[in-house]
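File shown here: upload_38.txt, holding compact mmCIF, C-alpha atoms.
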```
# COMPACT_ATOMS: atom_id res chain seq x y z
CA MET X 48 -65.32 5.80 -41.82
CA GLU X 49 -63.01 3.65 -39.69
CA PHE X 50 -62.63 5.06 -36.20
CA ASP X 51 -59.85 4.49 -33.70
CA ASP X 52 -61.85 3.64 -30.60
CA LYS X 53 -59.20 5.04 -28.24
CA ILE X 54 -59.62 8.59 -29.59
CA PRO X 55 -62.81 10.62 -29.01
CA ILE X 56 -65.08 10.16 -32.02
CA TYR X 57 -66.03 13.86 -32.23
CA TYR X 58 -62.33 14.71 -32.54
CA GLN X 59 -61.83 12.19 -35.36
CA ILE X 60 -64.84 13.56 -37.25
CA LYS X 61 -63.54 17.11 -36.84
CA ASN X 62 -60.12 16.09 -38.19
CA TYR X 63 -61.72 14.21 -41.08
CA LEU X 64 -63.67 17.32 -42.11
CA TYR X 65 -60.61 19.56 -41.59
CA HIS X 66 -58.65 17.36 -43.95
CA GLN X 67 -61.39 17.70 -46.55
CA ILE X 68 -61.28 21.49 -46.20
CA VAL X 69 -57.48 21.75 -46.32
CA THR X 70 -57.19 19.48 -49.36
CA GLY X 71 -59.97 21.35 -51.17
CA GLU X 72 -62.41 18.46 -51.25
CA LEU X 73 -64.66 20.93 -49.49
CA ASP X 74 -64.24 24.37 -51.09
CA PRO X 75 -64.34 27.71 -49.27
CA GLY X 76 -68.00 28.73 -48.99
CA GLU X 77 -69.24 25.20 -49.74
CA LYS X 78 -72.22 23.89 -47.79
CA LEU X 79 -71.62 20.91 -45.53
CA PRO X 80 -74.10 18.01 -45.66
CA ALA X 81 -76.90 18.12 -43.05
CA VAL X 82 -75.96 16.78 -39.61
CA ARG X 83 -77.93 13.56 -39.97
CA GLN X 84 -76.53 12.93 -43.46
CA LEU X 85 -72.99 13.43 -42.12
CA ALA X 86 -73.79 11.02 -39.28
CA VAL X 87 -74.90 8.38 -41.79
CA ASP X 88 -71.87 9.08 -44.05
CA VAL X 89 -69.32 8.53 -41.28
CA THR X 90 -71.44 6.03 -39.26
CA ALA X 91 -71.54 7.99 -36.05
CA ASN X 92 -74.14 9.39 -33.73
CA VAL X 93 -75.89 12.69 -34.58
CA ASN X 94 -74.93 14.15 -31.16
CA THR X 95 -71.26 13.31 -31.78
CA VAL X 96 -71.32 14.90 -35.24
CA GLN X 97 -73.02 17.97 -33.76
CA ARG X 98 -70.26 18.25 -31.16
CA ALA X 99 -67.60 18.13 -33.89
CA LEU X 100 -69.44 20.84 -35.87
CA THR X 101 -69.85 23.03 -32.78
CA GLU X 102 -66.09 22.96 -32.22
CA MET X 103 -65.50 23.77 -35.89
CA ILE X 104 -67.86 26.75 -35.55
CA ASN X 105 -66.02 27.90 -32.41
CA GLU X 106 -62.72 27.60 -34.27
CA GLN X 107 -64.31 29.71 -37.06
CA ILE X 108 -63.59 27.20 -39.82
CA ILE X 109 -67.26 26.74 -40.60
CA GLU X 110 -70.09 29.24 -40.26
CA PRO X 111 -73.69 28.38 -39.45
CA GLN X 112 -76.33 30.23 -41.45
CA ARG X 113 -79.75 30.34 -39.87
CA GLY X 114 -82.04 27.75 -41.37
CA LYS X 115 -79.59 26.97 -44.18
CA GLY X 116 -76.90 24.82 -42.60
CA ASN X 117 -73.15 25.06 -42.13
CA PHE X 118 -70.74 26.53 -44.67
CA VAL X 119 -66.95 26.39 -45.00
CA THR X 120 -65.43 29.80 -44.24
CA ILE X 121 -64.62 31.99 -47.26
CA ASP X 122 -61.70 33.45 -45.32
CA VAL X 123 -58.80 31.68 -47.05
CA ASP X 124 -56.35 32.94 -44.41
CA LYS X 125 -58.23 30.89 -41.82
CA ILE X 126 -57.92 27.80 -44.02
CA LYS X 127 -54.22 28.50 -44.48
CA GLN X 128 -53.82 28.78 -40.69
CA LEU X 129 -55.70 25.50 -40.29
CA LYS X 130 -53.37 23.80 -42.74
CA ASP X 131 -50.33 25.17 -40.88
CA LYS X 132 -51.79 23.84 -37.65
CA LEU X 133 -52.37 20.35 -39.07
CA VAL X 134 -48.86 20.27 -40.55
CA LYS X 135 -47.38 21.40 -37.25
CA GLU X 136 -49.30 18.70 -35.37
CA GLN X 137 -47.87 15.97 -37.62
CA LEU X 138 -44.35 17.42 -37.46
CA THR X 139 -44.52 17.65 -33.67
CA ILE X 140 -45.36 13.96 -33.43
CA ALA X 141 -42.64 12.88 -35.88
CA TYR X 142 -40.05 15.20 -34.34
CA GLN X 143 -40.78 14.01 -30.82
CA GLU X 144 -40.58 10.34 -31.82
CA LEU X 145 -37.25 10.84 -33.61
CA HIS X 146 -35.91 12.95 -30.78
CA ASP X 147 -36.79 10.13 -28.39
CA LEU X 148 -34.57 7.88 -30.54
CA GLN X 149 -31.65 10.18 -29.58
CA LEU X 150 -31.36 11.81 -33.01
CA SER X 151 -29.99 15.36 -33.11
CA ASP X 152 -31.73 18.04 -35.19
CA ASN X 153 -29.12 17.66 -37.93
CA GLU X 154 -29.47 13.90 -37.95
CA ILE X 155 -33.25 14.23 -38.19
CA LEU X 156 -32.88 16.51 -41.22
CA GLU X 157 -30.35 14.13 -42.80
CA GLU X 158 -32.63 11.09 -42.20
CA LEU X 159 -35.61 12.94 -43.63
CA ARG X 160 -33.67 13.86 -46.79
CA LYS X 161 -32.50 10.26 -47.20
CA PHE X 162 -36.02 9.00 -46.61
CA MET X 163 -37.57 11.30 -49.20
CA LYS X 164 -34.87 10.48 -51.76
CA ASN X 165 -35.27 6.70 -51.36
CA ARG X 166 -39.02 7.00 -51.28
CA GLY X 167 -38.84 8.86 -54.61
CA VAL X 168 -36.84 5.99 -56.11
CA GLU X 169 -39.30 3.40 -54.84
CA ASN X 170 -42.24 5.28 -56.26
CA GLU X 171 -40.80 5.47 -59.77
CA MET I 186 -81.36 17.97 -20.94
CA SER I 187 -84.51 16.25 -19.67
CA ASN I 188 -84.77 12.63 -18.61
CA VAL I 189 -86.85 10.23 -20.67
CA MET I 190 -86.60 7.55 -17.99
CA LYS I 191 -85.94 7.37 -14.27
CA ILE I 192 -85.64 4.14 -12.28
CA GLU I 193 -85.54 4.11 -8.48
CA ASN I 194 -84.80 1.23 -6.12
CA LEU I 195 -85.81 -1.42 -8.64
CA ASN I 196 -85.61 -5.01 -7.39
CA TYR I 197 -86.54 -8.17 -9.23
CA SER I 198 -86.31 -11.85 -8.32
CA HIS I 199 -87.36 -14.90 -10.27
CA ASN I 200 -87.92 -18.26 -8.53
CA LEU I 201 -86.28 -16.85 -5.38
CA VAL I 202 -83.16 -15.93 -7.36
CA LYS I 203 -82.25 -12.24 -7.24
CA ILE I 204 -81.81 -10.97 -10.82
CA LEU I 205 -81.67 -7.21 -10.23
CA ASN I 206 -80.82 -5.56 -6.93
CA ASP I 207 -81.53 -1.89 -6.11
CA VAL I 208 -81.21 -0.51 -9.63
CA ASN I 209 -81.16 3.31 -9.87
CA LEU I 210 -80.86 4.93 -13.24
CA LYS I 211 -81.51 8.19 -15.08
CA VAL I 212 -81.59 8.23 -18.87
CA GLU I 213 -81.57 11.48 -20.86
CA SER I 214 -83.60 12.25 -23.97
CA GLY I 215 -82.00 12.19 -27.41
CA LYS I 216 -79.27 9.63 -26.73
CA ILE I 217 -78.08 6.31 -28.11
CA ILE I 218 -77.03 4.21 -25.14
CA GLY I 219 -75.39 0.80 -25.00
CA LEU I 220 -76.72 -1.53 -22.30
CA LEU I 221 -73.85 -3.91 -21.66
CA GLY I 222 -73.28 -6.95 -19.53
CA GLU I 223 -72.43 -10.63 -19.80
CA ASN I 224 -74.98 -13.19 -20.94
CA GLY I 225 -77.47 -13.61 -18.12
CA ALA I 226 -76.52 -10.33 -16.41
CA GLY I 227 -80.13 -9.11 -16.59
CA LYS I 228 -80.17 -6.85 -19.68
CA THR I 229 -83.28 -8.40 -21.20
CA THR I 230 -84.91 -8.56 -17.77
CA LEU I 231 -84.34 -4.83 -17.28
CA MET I 232 -85.92 -4.13 -20.67
CA ARG I 233 -88.91 -6.34 -19.84
CA LEU I 234 -89.34 -4.51 -16.53
CA ILE I 235 -89.29 -1.16 -18.36
CA THR I 236 -91.98 -2.28 -20.83
CA GLY I 237 -94.05 -3.80 -18.03
CA ASN I 238 -93.75 -7.38 -19.32
CA ALA I 239 -92.12 -8.29 -16.01
CA HIS I 240 -92.94 -6.85 -12.58
CA GLY I 241 -90.55 -6.00 -9.78
CA THR I 242 -90.59 -3.59 -6.85
CA GLY I 243 -89.51 0.03 -7.08
CA ALA I 244 -90.40 2.85 -9.46
CA ILE I 245 -89.95 3.06 -13.23
CA GLU I 246 -90.90 6.36 -14.83
CA VAL I 247 -90.99 6.82 -18.60
CA SER I 248 -91.99 10.21 -20.05
CA GLY I 249 -93.75 11.10 -16.80
CA THR I 250 -95.80 7.89 -16.55
CA PHE I 251 -95.39 5.26 -13.82
CA GLN I 252 -98.03 2.60 -14.50
CA ALA I 253 -96.95 -0.28 -16.74
CA LYS I 254 -99.97 0.14 -19.04
CA ASP I 255 -99.23 3.88 -19.47
CA ARG I 256 -95.51 3.32 -20.03
CA LYS I 257 -96.23 0.98 -22.94
CA ALA I 258 -97.44 3.95 -25.01
CA HIS I 259 -93.99 5.57 -24.75
CA VAL I 260 -91.76 2.53 -25.27
CA SER I 261 -91.08 0.48 -28.37
CA PHE I 262 -89.39 -2.87 -27.66
CA THR I 263 -87.95 -5.42 -30.12
CA ASP I 264 -90.45 -8.26 -30.18
CA HIS I 265 -88.83 -11.46 -31.41
CA LEU I 266 -91.95 -12.31 -33.44
CA ASN I 267 -92.39 -15.68 -31.75
CA GLY I 268 -96.10 -15.01 -31.35
CA PHE I 269 -96.74 -14.98 -35.11
CA PRO I 270 -97.34 -18.09 -37.25
CA ALA I 271 -94.18 -18.98 -39.16
CA GLY I 272 -95.95 -18.88 -42.53
CA MET I 273 -97.24 -15.34 -42.01
CA LYS I 274 -96.22 -12.72 -44.57
CA ILE I 275 -94.39 -9.56 -43.50
CA GLY I 276 -97.29 -7.42 -44.78
CA LYS I 277 -99.71 -9.15 -42.38
CA ILE I 278 -97.40 -8.49 -39.43
CA VAL I 279 -97.18 -4.82 -40.44
CA ASP I 280 -101.00 -4.73 -40.53
CA PHE I 281 -101.07 -6.18 -37.02
CA TYR I 282 -98.63 -3.54 -35.73
CA ARG I 283 -100.63 -0.78 -37.41
CA THR I 284 -103.81 -2.01 -35.69
CA VAL I 285 -102.29 -2.44 -32.24
CA TYR I 286 -100.17 0.73 -32.03
CA ASP I 287 -101.73 4.15 -32.63
CA ASP I 288 -98.24 5.63 -33.03
CA PHE I 289 -97.28 3.26 -35.87
CA ASP I 290 -96.08 5.38 -38.82
CA ASP I 291 -96.71 3.86 -42.28
CA LYS I 292 -94.31 6.21 -44.03
CA ARG I 293 -91.47 5.37 -41.65
CA CYS I 294 -92.24 1.69 -42.03
CA ASP I 295 -92.19 1.83 -45.85
CA ASP I 296 -88.94 3.82 -45.84
CA LEU I 297 -87.28 1.44 -43.39
CA MET I 298 -88.43 -1.65 -45.31
CA LYS I 299 -87.07 -0.17 -48.52
CA PHE I 300 -83.75 0.80 -46.91
CA LEU I 301 -83.36 -2.68 -45.40
CA ASN I 302 -84.42 -4.44 -48.64
CA LEU I 303 -87.42 -6.15 -47.08
CA ASP I 304 -90.34 -7.22 -49.23
CA LYS I 305 -93.80 -7.33 -47.64
CA THR I 306 -94.72 -10.48 -49.56
CA MET I 307 -91.90 -12.48 -47.91
CA LYS I 308 -92.86 -15.05 -45.29
CA VAL I 309 -91.27 -14.79 -41.85
CA SER I 310 -90.26 -18.47 -41.99
CA ALA I 311 -88.26 -17.81 -45.17
CA LEU I 312 -86.18 -14.99 -43.67
CA SER I 313 -82.49 -15.41 -42.91
CA LYS I 314 -81.32 -14.54 -39.39
CA GLY I 315 -80.06 -11.17 -40.65
CA ASN I 316 -83.30 -10.35 -42.48
CA LYS I 317 -85.38 -11.34 -39.48
CA GLU I 318 -83.39 -8.94 -37.29
CA LYS I 319 -83.86 -6.23 -39.93
CA LEU I 320 -87.62 -6.80 -39.89
CA ILE I 321 -87.68 -6.59 -36.09
CA ILE I 322 -85.74 -3.31 -36.21
CA ALA I 323 -88.00 -1.89 -38.94
CA LEU I 324 -91.14 -2.70 -36.93
CA THR I 325 -89.69 -1.35 -33.68
CA LEU I 326 -88.48 1.93 -35.21
CA SER I 327 -91.74 2.44 -37.15
CA ARG I 328 -93.46 3.42 -33.94
CA GLN I 329 -93.12 7.09 -32.90
CA VAL I 330 -92.17 6.96 -29.23
CA GLU I 331 -89.70 8.55 -26.82
CA LEU I 332 -87.85 5.38 -25.85
CA TYR I 333 -86.74 2.45 -28.02
CA LEU I 334 -85.37 -0.74 -26.47
CA LEU I 335 -83.37 -2.91 -28.86
CA ASP I 336 -82.51 -6.25 -27.32
CA GLU I 337 -79.29 -7.65 -28.82
CA PRO I 338 -80.13 -6.80 -32.44
CA PHE I 339 -76.67 -7.86 -33.62
CA SER I 340 -76.34 -11.32 -32.12
CA GLY I 341 -75.43 -13.92 -34.71
CA ILE I 342 -75.81 -11.81 -37.84
CA ASP I 343 -73.34 -11.03 -40.64
CA SER I 344 -71.42 -7.75 -40.80
CA MET I 345 -73.35 -6.39 -43.79
CA SER I 346 -76.68 -6.79 -42.00
CA ARG I 347 -75.13 -5.25 -38.91
CA LYS I 348 -74.00 -2.17 -40.85
CA LYS I 349 -77.45 -1.78 -42.39
CA ILE I 350 -79.10 -1.97 -38.97
CA ILE I 351 -76.63 0.52 -37.48
CA ASN I 352 -77.32 2.93 -40.35
CA SER I 353 -81.07 2.60 -39.93
CA ILE I 354 -80.69 3.41 -36.23
CA ILE I 355 -78.72 6.58 -37.05
CA GLN I 356 -81.11 7.61 -39.81
CA TRP I 357 -84.46 6.90 -38.18
CA LYS I 358 -83.94 7.76 -34.53
CA PRO I 359 -86.29 10.68 -33.83
CA GLU I 360 -84.18 13.62 -32.63
CA HIS I 361 -85.46 13.71 -29.06
CA ALA I 362 -85.97 9.97 -28.62
CA THR I 363 -83.52 7.74 -26.80
CA ILE I 364 -82.42 4.32 -27.99
CA LEU I 365 -81.22 1.75 -25.49
CA VAL I 366 -79.43 -1.08 -27.31
CA SER I 367 -78.18 -4.14 -25.47
CA ASP I 368 -75.17 -6.17 -26.48
CA HIS I 369 -72.60 -8.33 -24.76
CA TYR I 370 -69.98 -7.31 -27.29
CA VAL I 371 -69.35 -3.57 -27.53
CA SER I 372 -66.75 -2.88 -30.23
CA GLU I 373 -69.18 -3.27 -33.13
CA ILE I 374 -71.45 -0.47 -31.92
CA ALA I 375 -69.07 1.69 -29.84
CA PRO I 376 -68.73 4.51 -32.44
CA ILE I 377 -72.48 5.23 -32.43
CA LEU I 378 -72.98 5.23 -28.66
CA ASP I 379 -73.27 8.39 -26.56
CA GLU I 380 -73.13 6.44 -23.33
CA ILE I 381 -72.75 2.97 -21.93
CA ILE I 382 -74.60 1.46 -18.99
CA VAL I 383 -73.06 -1.72 -17.60
CA ILE I 384 -75.03 -4.27 -15.58
CA LYS I 385 -72.87 -6.40 -13.33
CA ASN I 386 -73.48 -8.21 -10.04
CA GLU I 387 -77.25 -7.65 -10.32
CA THR I 388 -77.01 -3.87 -10.53
CA ILE I 389 -75.71 -0.87 -12.54
CA ALA I 390 -71.93 -1.06 -12.33
CA CYS I 391 -71.40 2.15 -14.29
CA GLN I 392 -72.94 4.73 -16.58
CA LYS I 393 -70.44 6.72 -18.63
CA GLN I 394 -70.12 8.93 -21.72
CA THR I 395 -68.15 7.05 -24.38
CA ASP I 396 -66.09 10.06 -25.54
CA GLU I 397 -65.26 10.78 -21.90
CA ILE I 398 -63.79 7.28 -21.57
CA ARG I 399 -61.70 7.85 -24.71
CA GLU I 400 -60.67 11.38 -23.74
CA ASN I 401 -59.97 11.01 -20.01
CA LYS I 402 -58.72 7.45 -19.85
CA GLY I 403 -57.24 7.12 -23.35
CA MET I 404 -58.98 3.76 -23.52
CA SER I 405 -61.22 2.17 -26.09
CA VAL I 406 -64.76 1.56 -24.88
CA GLU I 407 -64.17 -2.17 -25.24
CA ASN I 408 -61.03 -2.10 -23.07
CA PHE I 409 -62.81 -0.02 -20.46
CA TYR I 410 -65.74 -2.44 -20.42
CA GLU I 411 -63.40 -5.41 -20.05
CA SER I 412 -61.44 -3.66 -17.30
CA LEU I 413 -64.59 -3.63 -15.16
CA TYR I 414 -64.39 -7.42 -15.10
CA ASP I 415 -60.64 -7.51 -14.30
CA GLU I 416 -61.22 -5.35 -11.24
CA GLY I 417 -64.12 -7.53 -10.19
CA GLY I 418 -61.84 -10.56 -10.37
CA ASN I 419 -59.21 -8.90 -8.20
CA ASN I 420 -61.75 -7.91 -5.58
CA ASN I 421 -62.88 -11.49 -5.24
CA ASP I 422 -59.36 -12.78 -4.64
```
Write-out of the structure in structure tokens:
Amino acid sequence: MEFDDKIPIYYQIKNYLYHQIVTGELDPGEKLPAVRQLAVDVTANVNTVQRALTEMINEQIIEPQRGKGNFVTIDVDKIKQLKDKLVKEQLTIAYQELHDLQLSDNEILEELRKFMKNRGVENE
Amino acid sequence: MSNVMKIENLNYSHNLVKILNDVNLKVESGKIIGLLGENGAGKTTLMRLITGNAHGTGAIEVSGTFQAKDRKAHVSFTDHLNGFPAGMKIGKIVDFYRTVYDDFDDKRCDDLMKFLNLDKTMKVSALSKGNKEKLIIALTLSRQVELYLLDEPFSGIDSMSRKKIINSIIQWKPEHATILVSDHYVSEIAPILDEIIVIKNETIACQKQTDEIRENKGMSVENFYESLYDEGGNNND
């Protein structure tokens, strides 16, 4: 995994795993790889991976089971909330950037529509 | 968390030149720590003082032991294999390590050799720079100790060998052991470091958590490391 060295690594690992959960690459109830295996997979330190997992446990997206490892929550509402949160985070960034360019809300909507339409043409 | 190593008031001079001046340091168990500094800053010297291959004044405690001969049992240091005949086969060097170190673990050694694609019948003289570094890492990590000192394992090797070595560090570091890895170039290992320790002007210029640098300063570890030298320049003006 390529890390951005200006952003805390534990945070990037957490986001990486959250994306896998939201997109269904990791199913509800699925077991996560062992901490050391995850560390090797993403090329990070075991302590850093553990910190990411601890935050995910605190945010109730994964559940530790004694002696068995960590599992994705089976509570699909929680996963839905997580998805909403990730979407909102991205929208907040985009909205703020466009707002800083002096675009009104209506102009932002109009630009977004234009963008999606043209993008559709390019992709065909 | 407990400390694996504690250094107090360490001083070292060589030929009347001060190399390290009043070094004080505490290192926790279970960490991967980058020991950074320019060429000639004293990184290798500090490692040699820890292993007892060099002698200064002050106290160095590793896993509760103070005497150099006792510390050696708790520290595994990257030997650059200069003491072995060039035509010697890897298998013979492994035999030597097994004989000398009671804590040498054959299973770990076999696993590491396999992971790093090293063949025991190969001669040391026939190894590429990258493969020689891999062998050094395999031998160093095959010992079961509390403190590993890796002296610039990435200098002058290709990126594929570097990745392999980084992965073997992640995979084979015993949970409660600490690895101190020196480098004068930080970006290639920054993602796997818990902490950095910087040696500058003959002493410890800073000891910091890497994610704290990223979180509190919004800086990459490399930029932070370089900024220590900018400030130094300004102070001298």
(request) Would you kindly return, as a list of chain:residue names, each protein, DNA or RNA residue with an atom no farther than 9 Å from any atom of region 83-88 of chain X, considering all atoms listed in the file and excluding same-chain residues fewer than 5 positions away? (result) X:Met48, X:Val93, X:Asn94, X:Thr95, X:Val96, X:Gln97, I:Asn352, I:Ser353, I:Ile355, I:Gln356
Output file for the residues above (C-alpha atoms, as a PDB file, in the frame of the given file):
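This went into out.pdb:
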```pdb
ATOM      1  CA  MET X  48     -65.320   5.800 -41.820  1.00  0.00           C
ATOM      2  CA  VAL X  93     -75.890  12.690 -34.580  1.00  0.00           C
ATOM      3  CA  ASN X  94     -74.930  14.150 -31.160  1.00  0.00           C
ATOM      4  CA  THR X  95     -71.260  13.310 -31.780  1.00  0.00           C
ATOM      5  CA  VAL X  96     -71.320  14.900 -35.240  1.00  0.00           C
ATOM      6  CA  GLN X  97     -73.020  17.970 -33.760  1.00  0.00           C
TER       7      GLN X  97
ATOM      8  CA  ASN I 352     -77.320   2.930 -40.350  1.00  0.00           C
ATOM      9  CA  SER I 353     -81.070   2.600 -39.930  1.00  0.00           C
ATOM     10  CA  ILE I 355     -78.720   6.580 -37.050  1.00  0.00           C
ATOM     11  CA  GLN I 356     -81.110   7.610 -39.810  1.00  0.00           C
TER      12      GLN I 356
END
```
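Contacts from chain X to chain I at a cut-off of 6 Å (all atoms listed in the file) map to Asp52, Lys53, Ile54, Pro55, Ala91 and Asn92 of chain X.
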(request) Rounded to one decimal place, report the CA of Asp368 (chain I)-CA of Gly219 (chain I) distance in Å. (result) 7.1 Å
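Distances from X:Val89, X:Val119, X:Ile140, X:Leu100 to Val69 (chain X) were compared using only C-alpha atoms, and the smallest one belongs to X:Val119.
Among the candidates X:Asp152, X:Lys164, X:Thr90, X:Asp74, the residue lying nearest to Glu49 (chain X) is X:Thr90 (atoms considered: all atoms listed in the file).
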Quick one: region 264-272 of chain I with all heavy atoms, as a CSV table (one decimal), in the coordinates of the input?
```
chain,number,residue,atom,x,y,z
I,264,ASP,N,-89.7,-7.0,-30.4
I,264,ASP,CA,-90.4,-8.3,-30.2
I,264,ASP,C,-89.8,-9.3,-31.1
I,264,ASP,O,-89.5,-9.0,-32.3
I,264,ASP,CB,-91.9,-8.1,-30.6
I,264,ASP,CG,-92.8,-9.3,-30.3
I,264,ASP,OD1,-92.4,-10.4,-30.9
I,264,ASP,OD2,-93.7,-9.2,-29.5
I,265,HIS,N,-89.5,-10.5,-30.6
I,265,HIS,CA,-88.8,-11.5,-31.4
I,265,HIS,C,-89.7,-12.3,-32.3
I,265,HIS,O,-89.3,-13.3,-32.9
I,265,HIS,CB,-87.9,-12.3,-30.5
I,265,HIS,CG,-86.8,-11.5,-30.0
I,265,HIS,ND1,-85.7,-11.2,-30.8
I,265,HIS,CD2,-86.6,-10.9,-28.8
I,265,HIS,CE1,-84.8,-10.5,-30.0
I,265,HIS,NE2,-85.4,-10.2,-28.9
I,266,LEU,N,-91.0,-11.8,-32.5
I,266,LEU,CA,-92.0,-12.3,-33.4
I,266,LEU,C,-92.3,-13.8,-33.2
I,266,LEU,O,-92.8,-14.4,-34.1
I,266,LEU,CB,-91.4,-12.1,-34.9
I,266,LEU,CG,-91.0,-10.7,-35.3
I,266,LEU,CD1,-90.5,-10.7,-36.7
I,266,LEU,CD2,-92.2,-9.7,-35.2
I,267,ASN,N,-92.1,-14.3,-32.0
I,267,ASN,CA,-92.4,-15.7,-31.8
I,267,ASN,C,-93.9,-15.9,-31.7
I,267,ASN,O,-94.3,-17.1,-31.9
I,267,ASN,CB,-91.7,-16.1,-30.4
I,267,ASN,CG,-90.2,-16.1,-30.5
I,267,ASN,OD1,-89.7,-16.3,-31.6
I,267,ASN,ND2,-89.6,-15.8,-29.4
I,268,GLY,N,-94.7,-14.9,-31.5
I,268,GLY,CA,-96.1,-15.0,-31.4
I,268,GLY,C,-96.8,-15.1,-32.7
I,268,GLY,O,-98.0,-15.4,-32.7
I,269,PHE,N,-96.1,-14.9,-33.8
I,269,PHE,CA,-96.7,-15.0,-35.1
I,269,PHE,C,-96.5,-16.3,-35.8
I,269,PHE,O,-95.5,-16.9,-35.6
I,269,PHE,CB,-96.2,-13.9,-36.0
I,269,PHE,CG,-96.5,-12.5,-35.5
I,269,PHE,CD1,-95.5,-11.8,-34.8
I,269,PHE,CD2,-97.7,-11.9,-35.8
I,269,PHE,CE1,-95.8,-10.5,-34.4
I,269,PHE,CE2,-98.0,-10.6,-35.3
I,269,PHE,CZ,-97.0,-9.9,-34.6
I,270,PRO,N,-97.5,-16.8,-36.5
I,270,PRO,CA,-97.3,-18.1,-37.2
I,270,PRO,C,-96.2,-18.0,-38.2
I,270,PRO,O,-96.0,-16.9,-38.8
I,270,PRO,CB,-98.7,-18.3,-38.0
I,270,PRO,CG,-99.6,-17.3,-37.4
I,270,PRO,CD,-98.8,-16.2,-36.8
I,271,ALA,N,-95.4,-19.0,-38.3
I,271,ALA,CA,-94.2,-19.0,-39.2
I,271,ALA,C,-94.5,-18.7,-40.6
I,271,ALA,O,-93.7,-18.0,-41.3
I,271,ALA,CB,-93.4,-20.3,-39.1
I,272,GLY,N,-95.6,-19.1,-41.1
I,272,GLY,CA,-96.0,-18.9,-42.5
I,272,GLY,C,-96.5,-17.5,-42.8
I,272,GLY,O,-96.9,-17.2,-44.0
```
